[in-house]
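Scroll down for the structure; my scribbles are underneath it.
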Amino acid sequence: MDARIMSVTEQARGWRGLLARLAKRRYGAVPGLMRLLLADLAVMTPTLWLYRHLHERTSSPLTPLQREMLAAVVNGLVGGAP
């Protein structure tokens with residue numbers, strides 16, 4: 001059974017494909033979350049803003065330990081491996 005979740009790959013055309021290719025260049029692959037977020041710019045923009053605000057070392061209100069704890073909790077909530 002195929003998943004019915006819209007996602008974008010680096011082979012996509014237009015600005016979504018361009019952003020996917022830029023992500024691949026930066027990370028070596030297009031992260032799964034980025035593939036989903038590229039499908040809807042209205043969701044992607046505030047999500048990435050929040051991610052950057054919380055996780056960039058220079059501007060984050062969180063300590064490195066708090067960032068790791070947040071990542072562990074989110075990973076557990078989405079069913080990730082321990």
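The way I read the labels, and the way they are meant: chains A, B, ... in the order of the structure tokens, residue 1 as the first residue of every chain, and ligand 1 as the first ligand shown, with later ones counted on from there.
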Give me the residues near Ala29 of chain A as a PyMOL selection string, where near means some atom within 12 Å (using only C-alpha atoms) and where sequence neighbours in that chain fewer than 5 positions away do not count.
chain A and resi 9-10+19-24+34-35
Selection file, C-alpha atoms, as a PDB file, in the first residue's frame:
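Writing the result to again.pdb gives the following:
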```pdb
ATOM      1  CA  THR A   9      12.220  15.204  -3.913  1.00  0.00           C
ATOM      2  CA  GLU A  10      15.191  16.904  -5.501  1.00  0.00           C
ATOM      3  CA  LEU A  19      14.909  24.071  -2.332  1.00  0.00           C
ATOM      4  CA  ALA A  20      15.190  20.274  -2.211  1.00  0.00           C
ATOM      5  CA  ARG A  21      18.427  20.394  -4.215  1.00  0.00           C
ATOM      6  CA  LEU A  22      19.818  23.082  -1.905  1.00  0.00           C
ATOM      7  CA  ALA A  23      18.929  20.929   1.121  1.00  0.00           C
ATOM      8  CA  LYS A  24      20.652  17.947  -0.498  1.00  0.00           C
ATOM      9  CA  MET A  34      12.097  18.692   4.628  1.00  0.00           C
ATOM     10  CA  ARG A  35      10.474  16.546   1.899  1.00  0.00           C
TER      11      ARG A  35
END
```
Segment 60-70 of chain A surroundings by only C-alpha atoms, 12 Å radius, close-in-sequence under 6 positions cut, as a list in words
Trp49, Leu50, Tyr51, Arg52, His53, Leu54, Gly76 and Leu77 of chain A
Considering only helix (DSSP H, G or I) as DSSP defines it on the backbone, what residues of segment 8-79 of chain A qualify? List them as a ChimeraX atom specification.
/A:14-27,32-37,41-55,64-77
